[in-house]
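**Student:** This is work.pdb, which holds PDB, N, CA and C atoms:
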```
ATOM      1  N   MET A   1       8.567 -19.393  16.698  1.00  0.00           N
ATOM      2  CA  MET A   1       7.125 -19.374  16.741  1.00  0.00           C
ATOM      3  C   MET A   1       6.592 -20.311  15.655  1.00  0.00           C
ATOM      4  N   ASN A   2       5.700 -21.198  16.021  1.00  0.00           N
ATOM      5  CA  ASN A   2       5.148 -22.173  15.087  1.00  0.00           C
ATOM      6  C   ASN A   2       3.898 -21.634  14.409  1.00  0.00           C
ATOM      7  N   PHE A   3       3.628 -22.145  13.219  1.00  0.00           N
ATOM      8  CA  PHE A   3       2.447 -21.772  12.465  1.00  0.00           C
ATOM      9  C   PHE A   3       1.264 -22.600  12.947  1.00  0.00           C
ATOM     10  N   ASP A   4       0.190 -21.915  13.337  1.00  0.00           N
ATOM     11  CA  ASP A   4      -1.027 -22.598  13.782  1.00  0.00           C
ATOM     12  C   ASP A   4      -2.127 -22.302  12.764  1.00  0.00           C
ATOM     13  N   ALA A   5      -2.542 -23.308  12.026  1.00  0.00           N
ATOM     14  CA  ALA A   5      -3.515 -23.132  10.940  1.00  0.00           C
ATOM     15  C   ALA A   5      -4.869 -22.654  11.461  1.00  0.00           C
ATOM     16  N   GLU A   6      -5.308 -23.156  12.598  1.00  0.00           N
ATOM     17  CA  GLU A   6      -6.613 -22.762  13.142  1.00  0.00           C
ATOM     18  C   GLU A   6      -6.629 -21.291  13.556  1.00  0.00           C
ATOM     19  N   THR A   7      -5.568 -20.847  14.172  1.00  0.00           N
ATOM     20  CA  THR A   7      -5.474 -19.439  14.562  1.00  0.00           C
ATOM     21  C   THR A   7      -5.448 -18.552  13.329  1.00  0.00           C
ATOM     22  N   TYR A   8      -4.735 -18.965  12.310  1.00  0.00           N
ATOM     23  CA  TYR A   8      -4.649 -18.185  11.080  1.00  0.00           C
ATOM     24  C   TYR A   8      -6.004 -18.101  10.389  1.00  0.00           C
ATOM     25  N   LYS A   9      -6.786 -19.172  10.404  1.00  0.00           N
ATOM     26  CA  LYS A   9      -8.126 -19.153   9.812  1.00  0.00           C
ATOM     27  C   LYS A   9      -9.002 -18.121  10.519  1.00  0.00           C
ATOM     28  N   GLY A  10      -8.948 -18.097  11.832  1.00  0.00           N
ATOM     29  CA  GLY A  10      -9.735 -17.130  12.591  1.00  0.00           C
ATOM     30  C   GLY A  10      -9.297 -15.704  12.314  1.00  0.00           C
ATOM     31  N   ARG A  11      -8.015 -15.483  12.236  1.00  0.00           N
ATOM     32  CA  ARG A  11      -7.493 -14.145  11.961  1.00  0.00           C
ATOM     33  C   ARG A  11      -7.901 -13.686  10.565  1.00  0.00           C
ATOM     34  N   ASN A  12      -7.832 -14.572   9.600  1.00  0.00           N
ATOM     35  CA  ASN A  12      -8.213 -14.250   8.234  1.00  0.00           C
ATOM     36  C   ASN A  12      -9.697 -13.875   8.157  1.00  0.00           C
ATOM     37  N   THR A  13     -10.539 -14.593   8.871  1.00  0.00           N
ATOM     38  CA  THR A  13     -11.968 -14.294   8.887  1.00  0.00           C
ATOM     39  C   THR A  13     -12.234 -12.905   9.460  1.00  0.00           C
ATOM     40  N   VAL A  14     -11.570 -12.577  10.544  1.00  0.00           N
ATOM     41  CA  VAL A  14     -11.749 -11.264  11.165  1.00  0.00           C
ATOM     42  C   VAL A  14     -11.267 -10.151  10.235  1.00  0.00           C
ATOM     43  N   GLU A  15     -10.122 -10.336   9.593  1.00  0.00           N
ATOM     44  CA  GLU A  15      -9.596  -9.321   8.688  1.00  0.00           C
ATOM     45  C   GLU A  15     -10.526  -9.093   7.500  1.00  0.00           C
ATOM     46  N   ARG A  16     -11.082 -10.170   6.935  1.00  0.00           N
ATOM     47  CA  ARG A  16     -12.004 -10.010   5.819  1.00  0.00           C
ATOM     48  C   ARG A  16     -13.289  -9.332   6.258  1.00  0.00           C
ATOM     49  N   SER A  17     -13.717  -9.565   7.498  1.00  0.00           N
ATOM     50  CA  SER A  17     -14.913  -8.893   8.009  1.00  0.00           C
ATOM     51  C   SER A  17     -14.682  -7.394   8.124  1.00  0.00           C
ATOM     52  N   PHE A  18     -13.511  -6.986   8.581  1.00  0.00           N
ATOM     53  CA  PHE A  18     -13.199  -5.564   8.665  1.00  0.00           C
ATOM     54  C   PHE A  18     -13.162  -4.922   7.282  1.00  0.00           C
ATOM     55  N   ILE A  19     -12.669  -5.643   6.288  1.00  0.00           N
ATOM     56  CA  ILE A  19     -12.636  -5.103   4.925  1.00  0.00           C
ATOM     57  C   ILE A  19     -14.054  -4.850   4.429  1.00  0.00           C
ATOM     58  N   ILE A  20     -14.968  -5.778   4.712  1.00  0.00           N
ATOM     59  CA  ILE A  20     -16.368  -5.598   4.302  1.00  0.00           C
ATOM     60  C   ILE A  20     -16.967  -4.374   4.985  1.00  0.00           C
ATOM     61  N   PHE A  21     -16.700  -4.214   6.268  1.00  0.00           N
ATOM     62  CA  PHE A  21     -17.240  -3.067   6.993  1.00  0.00           C
ATOM     63  C   PHE A  21     -16.666  -1.749   6.486  1.00  0.00           C
ATOM     64  N   LYS A  22     -15.399  -1.738   6.138  1.00  0.00           N
ATOM     65  CA  LYS A  22     -14.767  -0.497   5.685  1.00  0.00           C
ATOM     66  C   LYS A  22     -15.257  -0.057   4.320  1.00  0.00           C
ATOM     67  N   GLN A  23     -15.924  -0.948   3.586  1.00  0.00           N
ATOM     68  CA  GLN A  23     -16.487  -0.551   2.305  1.00  0.00           C
ATOM     69  C   GLN A  23     -17.646   0.419   2.488  1.00  0.00           C
ATOM     70  N   TRP A  24     -18.268   0.428   3.653  1.00  0.00           N
ATOM     71  CA  TRP A  24     -19.336   1.376   3.936  1.00  0.00           C
ATOM     72  C   TRP A  24     -18.679   2.669   4.410  1.00  0.00           C
ATOM     73  N   ARG A  25     -18.790   3.692   3.633  1.00  0.00           N
ATOM     74  CA  ARG A  25     -18.051   4.934   3.848  1.00  0.00           C
ATOM     75  C   ARG A  25     -18.270   5.550   5.228  1.00  0.00           C
ATOM     76  N   GLY A  26     -19.476   5.493   5.735  1.00  0.00           N
ATOM     77  CA  GLY A  26     -19.770   6.075   7.042  1.00  0.00           C
ATOM     78  C   GLY A  26     -18.996   5.438   8.173  1.00  0.00           C
ATOM     79  N   ILE A  27     -18.716   4.159   8.044  1.00  0.00           N
ATOM     80  CA  ILE A  27     -17.954   3.464   9.081  1.00  0.00           C
ATOM     81  C   ILE A  27     -16.465   3.701   8.888  1.00  0.00           C
ATOM     82  N   ALA A  28     -16.024   3.681   7.637  1.00  0.00           N
ATOM     83  CA  ALA A  28     -14.589   3.830   7.367  1.00  0.00           C
ATOM     84  C   ALA A  28     -14.082   5.207   7.782  1.00  0.00           C
ATOM     85  N   ILE A  29     -14.882   6.246   7.532  1.00  0.00           N
ATOM     86  CA  ILE A  29     -14.446   7.613   7.817  1.00  0.00           C
ATOM     87  C   ILE A  29     -14.865   8.065   9.211  1.00  0.00           C
ATOM     88  N   ARG A  30     -15.913   7.484   9.715  1.00  0.00           N
ATOM     89  CA  ARG A  30     -16.487   7.800  11.021  1.00  0.00           C
ATOM     90  C   ARG A  30     -16.887   9.269  11.137  1.00  0.00           C
ATOM     91  N   TYR A  31     -18.012   9.557  10.502  1.00  0.00           N
ATOM     92  CA  TYR A  31     -18.582  10.897  10.587  1.00  0.00           C
ATOM     93  C   TYR A  31     -19.232  11.153  11.946  1.00  0.00           C
ATOM     94  N   ASP A  32     -19.713  10.105  12.584  1.00  0.00           N
ATOM     95  CA  ASP A  32     -20.438  10.258  13.845  1.00  0.00           C
ATOM     96  C   ASP A  32     -19.507  10.700  14.960  1.00  0.00           C
ATOM     97  N   LYS A  33     -19.995  11.615  15.770  1.00  0.00           N
ATOM     98  CA  LYS A  33     -19.183  12.099  16.885  1.00  0.00           C
ATOM     99  C   LYS A  33     -19.423  11.278  18.152  1.00  0.00           C
ATOM    100  N   LEU A  34     -20.626  10.726  18.296  1.00  0.00           N
ATOM    101  CA  LEU A  34     -20.934   9.946  19.485  1.00  0.00           C
ATOM    102  C   LEU A  34     -20.659   8.465  19.255  1.00  0.00           C
ATOM    103  N   ALA A  35     -20.078   7.828  20.238  1.00  0.00           N
ATOM    104  CA  ALA A  35     -19.767   6.401  20.129  1.00  0.00           C
ATOM    105  C   ALA A  35     -21.042   5.577  19.976  1.00  0.00           C
ATOM    106  N   LEU A  36     -22.115   5.998  20.627  1.00  0.00           N
ATOM    107  CA  LEU A  36     -23.381   5.278  20.549  1.00  0.00           C
ATOM    108  C   LEU A  36     -23.927   5.277  19.119  1.00  0.00           C
ATOM    109  N   THR A  37     -23.843   6.406  18.445  1.00  0.00           N
ATOM    110  CA  THR A  37     -24.318   6.507  17.067  1.00  0.00           C
ATOM    111  C   THR A  37     -23.438   5.669  16.140  1.00  0.00           C
ATOM    112  N   TYR A  38     -22.143   5.702  16.360  1.00  0.00           N
ATOM    113  CA  TYR A  38     -21.215   4.906  15.550  1.00  0.00           C
ATOM    114  C   TYR A  38     -21.489   3.420  15.733  1.00  0.00           C
ATOM    115  N   ARG A  39     -21.700   3.009  16.964  1.00  0.00           N
ATOM    116  CA  ARG A  39     -21.995   1.596  17.231  1.00  0.00           C
ATOM    117  C   ARG A  39     -23.303   1.177  16.574  1.00  0.00           C
ATOM    118  N   ALA A  40     -24.289   2.051  16.603  1.00  0.00           N
ATOM    119  CA  ALA A  40     -25.568   1.741  15.965  1.00  0.00           C
ATOM    120  C   ALA A  40     -25.399   1.550  14.461  1.00  0.00           C
ATOM    121  N   SER A  41     -24.557   2.358  13.836  1.00  0.00           N
ATOM    122  CA  SER A  41     -24.339   2.200  12.395  1.00  0.00           C
ATOM    123  C   SER A  41     -23.595   0.900  12.095  1.00  0.00           C
ATOM    124  N   VAL A  42     -22.676   0.502  12.949  1.00  0.00           N
ATOM    125  CA  VAL A  42     -21.966  -0.765  12.761  1.00  0.00           C
ATOM    126  C   VAL A  42     -22.938  -1.931  12.901  1.00  0.00           C
ATOM    127  N   VAL A  43     -23.796  -1.881  13.886  1.00  0.00           N
ATOM    128  CA  VAL A  43     -24.785  -2.946  14.085  1.00  0.00           C
ATOM    129  C   VAL A  43     -25.757  -2.990  12.907  1.00  0.00           C
ATOM    130  N   LEU A  44     -26.188  -1.841  12.440  1.00  0.00           N
ATOM    131  CA  LEU A  44     -27.098  -1.779  11.301  1.00  0.00           C
ATOM    132  C   LEU A  44     -26.470  -2.407  10.061  1.00  0.00           C
ATOM    133  N   TYR A  45     -25.235  -2.076   9.788  1.00  0.00           N
ATOM    134  CA  TYR A  45     -24.568  -2.637   8.628  1.00  0.00           C
ATOM    135  C   TYR A  45     -24.319  -4.133   8.797  1.00  0.00           C
ATOM    136  N   ALA A  46     -24.069  -4.582  10.017  1.00  0.00           N
ATOM    137  CA  ALA A  46     -23.905  -6.017  10.267  1.00  0.00           C
ATOM    138  C   ALA A  46     -25.198  -6.756   9.949  1.00  0.00           C
ATOM    139  N   VAL A  47     -26.325  -6.164  10.288  1.00  0.00           N
ATOM    140  CA  VAL A  47     -27.624  -6.780   9.974  1.00  0.00           C
ATOM    141  C   VAL A  47     -27.822  -6.829   8.461  1.00  0.00           C
ATOM    142  N   VAL A  48     -27.445  -5.770   7.763  1.00  0.00           N
ATOM    143  CA  VAL A  48     -27.573  -5.744   6.302  1.00  0.00           C
ATOM    144  C   VAL A  48     -26.723  -6.848   5.680  1.00  0.00           C
ATOM    145  N   ILE A  49     -25.501  -7.020   6.148  1.00  0.00           N
ATOM    146  CA  ILE A  49     -24.629  -8.080   5.640  1.00  0.00           C
ATOM    147  C   ILE A  49     -25.253  -9.446   5.934  1.00  0.00           C
ATOM    148  N   TRP A  50     -25.774  -9.605   7.126  1.00  0.00           N
ATOM    149  CA  TRP A  50     -26.387 -10.885   7.521  1.00  0.00           C
ATOM    150  C   TRP A  50     -27.591 -11.199   6.660  1.00  0.00           C
ATOM    151  N   LEU A  51     -28.422 -10.205   6.371  1.00  0.00           N
ATOM    152  CA  LEU A  51     -29.612 -10.433   5.555  1.00  0.00           C
ATOM    153  C   LEU A  51     -29.269 -10.742   4.093  1.00  0.00           C
ATOM    154  N   ARG A  52     -28.172 -10.234   3.595  1.00  0.00           N
ATOM    155  CA  ARG A  52     -27.756 -10.520   2.220  1.00  0.00           C
ATOM    156  C   ARG A  52     -27.332 -11.969   2.052  1.00  0.00           C
ATOM    157  N   GLN A  53     -26.879 -12.587   3.118  1.00  0.00           N
ATOM    158  CA  GLN A  53     -26.405 -13.971   3.022  1.00  0.00           C
ATOM    159  C   GLN A  53     -27.534 -14.870   3.180  1.00  0.00           C
TER     160      GLN A  53
END
```
If you took the structure in this file and wrote it as structure tokens, what would it be?

**Tutor:**
Amino acid sequence: MNFDAETYKGRNTVERSFIIFKQWRGIAIRYDKLALTYRASVVLYAVVIWLRQ
């Protein structure tokens, strides 16, 4: 298997994004029982991250 730098860059970006999301305790532990509520919290936190940049 050969090393593909472009694929690795994309994978690294995704992994770092998950680390940022897991810092928010509600997402990491998943207190919400409904998938809709959990998705809403993920979207909300994504907006917060976007606004900080």

**Student:** Please, what distance in Å, to one decimal, runs between atom N of Tyr31 in chain A and atom N of Gly10 in chain A?

**Tutor:**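 Between atom N of Tyr31 in chain A and atom N of Gly10 in chain A the gap works out to 29.1 Å.
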
**Student:** Between atom C of Ile20 in chain A and atom C of Ala46 in chain A, what is the spacing in Å?

**Tutor:** 9.9 Å

**Student:** Given the file shown, enumerate the residues that the PyMOL selection byres (((chain A and resi 21 and name CA) around 12) and name CA) captures and present them as a PyMOL selection string.

**Tutor:** chain A and resi 14-20+22-30+41-49

**Student:** Can you write just those residues out, N, CA and C atoms, as a PDB file, in the coordinates of the input?

**Tutor:**
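The result, written out as out_16.pdb:
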```pdb
ATOM      1  N   VAL A  14     -11.570 -12.577  10.544  1.00  0.00           N
ATOM      2  CA  VAL A  14     -11.749 -11.264  11.165  1.00  0.00           C
ATOM      3  C   VAL A  14     -11.267 -10.151  10.235  1.00  0.00           C
ATOM      4  N   GLU A  15     -10.122 -10.336   9.593  1.00  0.00           N
ATOM      5  CA  GLU A  15      -9.596  -9.321   8.688  1.00  0.00           C
ATOM      6  C   GLU A  15     -10.526  -9.093   7.500  1.00  0.00           C
ATOM      7  N   ARG A  16     -11.082 -10.170   6.935  1.00  0.00           N
ATOM      8  CA  ARG A  16     -12.004 -10.010   5.819  1.00  0.00           C
ATOM      9  C   ARG A  16     -13.289  -9.332   6.258  1.00  0.00           C
ATOM     10  N   SER A  17     -13.717  -9.565   7.498  1.00  0.00           N
ATOM     11  CA  SER A  17     -14.913  -8.893   8.009  1.00  0.00           C
ATOM     12  C   SER A  17     -14.682  -7.394   8.124  1.00  0.00           C
ATOM     13  N   PHE A  18     -13.511  -6.986   8.581  1.00  0.00           N
ATOM     14  CA  PHE A  18     -13.199  -5.564   8.665  1.00  0.00           C
ATOM     15  C   PHE A  18     -13.162  -4.922   7.282  1.00  0.00           C
ATOM     16  N   ILE A  19     -12.669  -5.643   6.288  1.00  0.00           N
ATOM     17  CA  ILE A  19     -12.636  -5.103   4.925  1.00  0.00           C
ATOM     18  C   ILE A  19     -14.054  -4.850   4.429  1.00  0.00           C
ATOM     19  N   ILE A  20     -14.968  -5.778   4.712  1.00  0.00           N
ATOM     20  CA  ILE A  20     -16.368  -5.598   4.302  1.00  0.00           C
ATOM     21  C   ILE A  20     -16.967  -4.374   4.985  1.00  0.00           C
ATOM     22  N   LYS A  22     -15.399  -1.738   6.138  1.00  0.00           N
ATOM     23  CA  LYS A  22     -14.767  -0.497   5.685  1.00  0.00           C
ATOM     24  C   LYS A  22     -15.257  -0.057   4.320  1.00  0.00           C
ATOM     25  N   GLN A  23     -15.924  -0.948   3.586  1.00  0.00           N
ATOM     26  CA  GLN A  23     -16.487  -0.551   2.305  1.00  0.00           C
ATOM     27  C   GLN A  23     -17.646   0.419   2.488  1.00  0.00           C
ATOM     28  N   TRP A  24     -18.268   0.428   3.653  1.00  0.00           N
ATOM     29  CA  TRP A  24     -19.336   1.376   3.936  1.00  0.00           C
ATOM     30  C   TRP A  24     -18.679   2.669   4.410  1.00  0.00           C
ATOM     31  N   ARG A  25     -18.790   3.692   3.633  1.00  0.00           N
ATOM     32  CA  ARG A  25     -18.051   4.934   3.848  1.00  0.00           C
ATOM     33  C   ARG A  25     -18.270   5.550   5.228  1.00  0.00           C
ATOM     34  N   GLY A  26     -19.476   5.493   5.735  1.00  0.00           N
ATOM     35  CA  GLY A  26     -19.770   6.075   7.042  1.00  0.00           C
ATOM     36  C   GLY A  26     -18.996   5.438   8.173  1.00  0.00           C
ATOM     37  N   ILE A  27     -18.716   4.159   8.044  1.00  0.00           N
ATOM     38  CA  ILE A  27     -17.954   3.464   9.081  1.00  0.00           C
ATOM     39  C   ILE A  27     -16.465   3.701   8.888  1.00  0.00           C
ATOM     40  N   ALA A  28     -16.024   3.681   7.637  1.00  0.00           N
ATOM     41  CA  ALA A  28     -14.589   3.830   7.367  1.00  0.00           C
ATOM     42  C   ALA A  28     -14.082   5.207   7.782  1.00  0.00           C
ATOM     43  N   ILE A  29     -14.882   6.246   7.532  1.00  0.00           N
ATOM     44  CA  ILE A  29     -14.446   7.613   7.817  1.00  0.00           C
ATOM     45  C   ILE A  29     -14.865   8.065   9.211  1.00  0.00           C
ATOM     46  N   ARG A  30     -15.913   7.484   9.715  1.00  0.00           N
ATOM     47  CA  ARG A  30     -16.487   7.800  11.021  1.00  0.00           C
ATOM     48  C   ARG A  30     -16.887   9.269  11.137  1.00  0.00           C
ATOM     49  N   SER A  41     -24.557   2.358  13.836  1.00  0.00           N
ATOM     50  CA  SER A  41     -24.339   2.200  12.395  1.00  0.00           C
ATOM     51  C   SER A  41     -23.595   0.900  12.095  1.00  0.00           C
ATOM     52  N   VAL A  42     -22.676   0.502  12.949  1.00  0.00           N
ATOM     53  CA  VAL A  42     -21.966  -0.765  12.761  1.00  0.00           C
ATOM     54  C   VAL A  42     -22.938  -1.931  12.901  1.00  0.00           C
ATOM     55  N   VAL A  43     -23.796  -1.881  13.886  1.00  0.00           N
ATOM     56  CA  VAL A  43     -24.785  -2.946  14.085  1.00  0.00           C
ATOM     57  C   VAL A  43     -25.757  -2.990  12.907  1.00  0.00           C
ATOM     58  N   LEU A  44     -26.188  -1.841  12.440  1.00  0.00           N
ATOM     59  CA  LEU A  44     -27.098  -1.779  11.301  1.00  0.00           C
ATOM     60  C   LEU A  44     -26.470  -2.407  10.061  1.00  0.00           C
ATOM     61  N   TYR A  45     -25.235  -2.076   9.788  1.00  0.00           N
ATOM     62  CA  TYR A  45     -24.568  -2.637   8.628  1.00  0.00           C
ATOM     63  C   TYR A  45     -24.319  -4.133   8.797  1.00  0.00           C
ATOM     64  N   ALA A  46     -24.069  -4.582  10.017  1.00  0.00           N
ATOM     65  CA  ALA A  46     -23.905  -6.017  10.267  1.00  0.00           C
ATOM     66  C   ALA A  46     -25.198  -6.756   9.949  1.00  0.00           C
ATOM     67  N   VAL A  47     -26.325  -6.164  10.288  1.00  0.00           N
ATOM     68  CA  VAL A  47     -27.624  -6.780   9.974  1.00  0.00           C
ATOM     69  C   VAL A  47     -27.822  -6.829   8.461  1.00  0.00           C
ATOM     70  N   VAL A  48     -27.445  -5.770   7.763  1.00  0.00           N
ATOM     71  CA  VAL A  48     -27.573  -5.744   6.302  1.00  0.00           C
ATOM     72  C   VAL A  48     -26.723  -6.848   5.680  1.00  0.00           C
ATOM     73  N   ILE A  49     -25.501  -7.020   6.148  1.00  0.00           N
ATOM     74  CA  ILE A  49     -24.629  -8.080   5.640  1.00  0.00           C
ATOM     75  C   ILE A  49     -25.253  -9.446   5.934  1.00  0.00           C
TER      76      ILE A  49
END
```

**Student:** Go ahead and compute the interatomic distance for CA of Leu36 in chain A and CA of Arg52 in chain A, in Å to one decimal.

**Tutor:**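 It comes out at 24.6 Å.
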
**Student:** Would you compute an axis-aligned box for range 18-26 of chain A, covering every atom listed for it in the file with 5 Å of margin on each side, and report centre and edge lengths in Å to one decimal as AutoDock Vina command-line options?

**Tutor:**
```
--center_x -16.2 --center_y -0.5 --center_z 5.5 --size_x 17.1 --size_y 23.1 --size_z 16.4
```

**Student:** As a ChimeraX atom specification, please: all residues of chain A that backbone DSSP puts in helix (DSSP H, G or I).

**Tutor:** /A:5-22,25-29,35-52
